[in-house]
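Single-structure report; data block below.
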Amino acid sequence: MKLTPAVRLTAAIALILLLAGAVLLWLAAVTPWHTDSNAYFAALQRLRATLYFGQPDAETFKRATVRFAALQTQYATHKWLYADVAYACFSLGLCAAIVAGLALRFGAQLLRTQRSALVVLGVTVLALAETLAGLAADPLHRFYREQLPEWSDALEIPLAGALVAMIPIATVTLLLVLPPLVFRRRSSGPLLVFTRPPHWPAILANAIYALPLAFAAFLLTSFASRGGWALAPAGLMLLWLFLNGRALWIAPKEEAAS
C-alpha cells in the first residue's frame, strides 16, 4: 500500500467535504425557520380558519394550497438549503473516503474493468436503493419540515411517483450492467477507454451508454436538492457502473490459459 498523489488528493477532498458539511450544518442549526415566524404563523392560522370552519369546496382547498406555497416562499430562509448541502457534503465526503481507502488498497486496478458479478451487482443494488431514497427524501423532508399543507395528498402522491419512477430506472440499469457480465466476462481493459480497433463496437457502446452516463452526471448535480445526500452518491455509483459496462464491451478478450 502506497500513499500516491491520487490517494492523498482523494483523502483531502474527503476531509474538505466533511469539514464543509460540519460548517453548513452549524449554519442550518442557527438559522431560523422563517424570516418572521410570528407573521408566518398568524397568516397560516388565518388560512386554516378558511378551511376548518365552514364547508369549503374543492376550489377553496386549491386556493389554500396555492396560498400555503406562497407563504412558504415569502417567509423562507436558507436554513434548509444549508442543511441539504451539509447532508450532501457528508455523504460525498464518506464516498471520497471509501474511494481513497480502495485506491490505497488496490491502486491502479480501480481504473480497470471490474468483472466480478458480486461486486458489480452489489454496487448496482446500493445505487438503486440510494436513488429510491433520494427520490423519496424530497417529499419526506418537506413533510417533516412542515412545508406541505396537511389538507392535501402532497406526500402520498410523490412517494408513489418515486416508486413508479424506479421501474424504468432499475430496468435500464440492469439491462446495461448485467449483459456485459454475462457475455464479456473474459474482457479486460482500462475503465476510461474511448475506442479501439475494430471501432464499430466502441461506437455502438458509446452511443448506447451516452444517455445513461448523462443521467448519472445529472444526479451528481442534484447534491443541493432535498434528496441530494442520496442522489449524488447514487450518481457516482451509476457513473462507475455505466463506465464499467461500456468498457467491458470495448475491451479485448483475454486469451484463455493453455
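Each chain in the C-alpha cells gets a letter, A, B, ..., in the order shown, and its residues are numbered from 1; ligands are numbered from 1 in order too.
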Which residues come within 7 Å of Leu92 in chain A, counting only C-alpha atoms, excluding same-chain residues fewer than 4 positions away, as a ChimeraX atom specification? /A:88,96,233
For Phe242 in chain A, list every protein, DNA or RNA residue within 7 Å, evaluated using only C-alpha atoms, and leave out those in the same chain fewer than 4 positions away; present the list as JSON, numbers by chain. {"A": [176, 177, 209, 213, 238, 246]}
Output N, CA and C atoms for every residue in that selection, as a PDB file, in the first residue's frame.
```
ATOM      1  N   LEU A 176     -28.137  -2.566 -18.712  1.00  0.00           N
ATOM      2  CA  LEU A 176     -26.818  -2.060 -19.092  1.00  0.00           C
ATOM      3  C   LEU A 176     -25.690  -2.692 -18.279  1.00  0.00           C
ATOM      4  N   VAL A 177     -26.023  -3.231 -17.107  1.00  0.00           N
ATOM      5  CA  VAL A 177     -24.996  -3.763 -16.215  1.00  0.00           C
ATOM      6  C   VAL A 177     -24.831  -5.277 -16.348  1.00  0.00           C
ATOM      7  N   TYR A 209     -24.533   3.938 -24.189  1.00  0.00           N
ATOM      8  CA  TYR A 209     -24.306   4.356 -22.801  1.00  0.00           C
ATOM      9  C   TYR A 209     -24.263   5.866 -22.621  1.00  0.00           C
ATOM     10  N   LEU A 213     -25.065   7.666 -18.983  1.00  0.00           N
ATOM     11  CA  LEU A 213     -23.970   8.396 -18.349  1.00  0.00           C
ATOM     12  C   LEU A 213     -24.368   9.842 -18.059  1.00  0.00           C
ATOM     13  N   LEU A 238     -23.683   4.958 -10.214  1.00  0.00           N
ATOM     14  CA  LEU A 238     -24.197   4.675 -11.553  1.00  0.00           C
ATOM     15  C   LEU A 238     -23.187   5.070 -12.619  1.00  0.00           C
ATOM     16  N   ARG A 246     -19.766  -0.158 -20.289  1.00  0.00           N
ATOM     17  CA  ARG A 246     -19.320   0.317 -21.607  1.00  0.00           C
ATOM     18  C   ARG A 246     -17.909  -0.177 -21.921  1.00  0.00           C
TER      19      ARG A 246
END
```
I'd like the neighbourhood of range 126-128 of chain A as a PyMOL selection string, where a residue qualifies if any of its atoms comes within 12 Å (using only C-alpha atoms), though same-chain residues fewer than 5 positions away should be ignored. chain A and resi 119-121+133-135+162-163+165-174+177+216+219+230-242
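Near Arg196 in chain A, within a cut-off of 12 Å and counting only C-alpha atoms, sit the residues Gly189, Pro190, Leu192, Val193, Phe194, Pro198, His199, Trp200, Pro201, Ala202, Ile203, Ala205, Asn206, Ala247, Trp249, Ile250, Ala251 and Pro252 of chain A, with same-chain residues fewer than 2 positions away left out.
The shortest atom-to-atom distance to Ile16 in chain A, with only C-alpha atoms taken into account, belongs to A:Cys89 out of A:Val182, A:Cys89, A:Leu44, A:Leu51.
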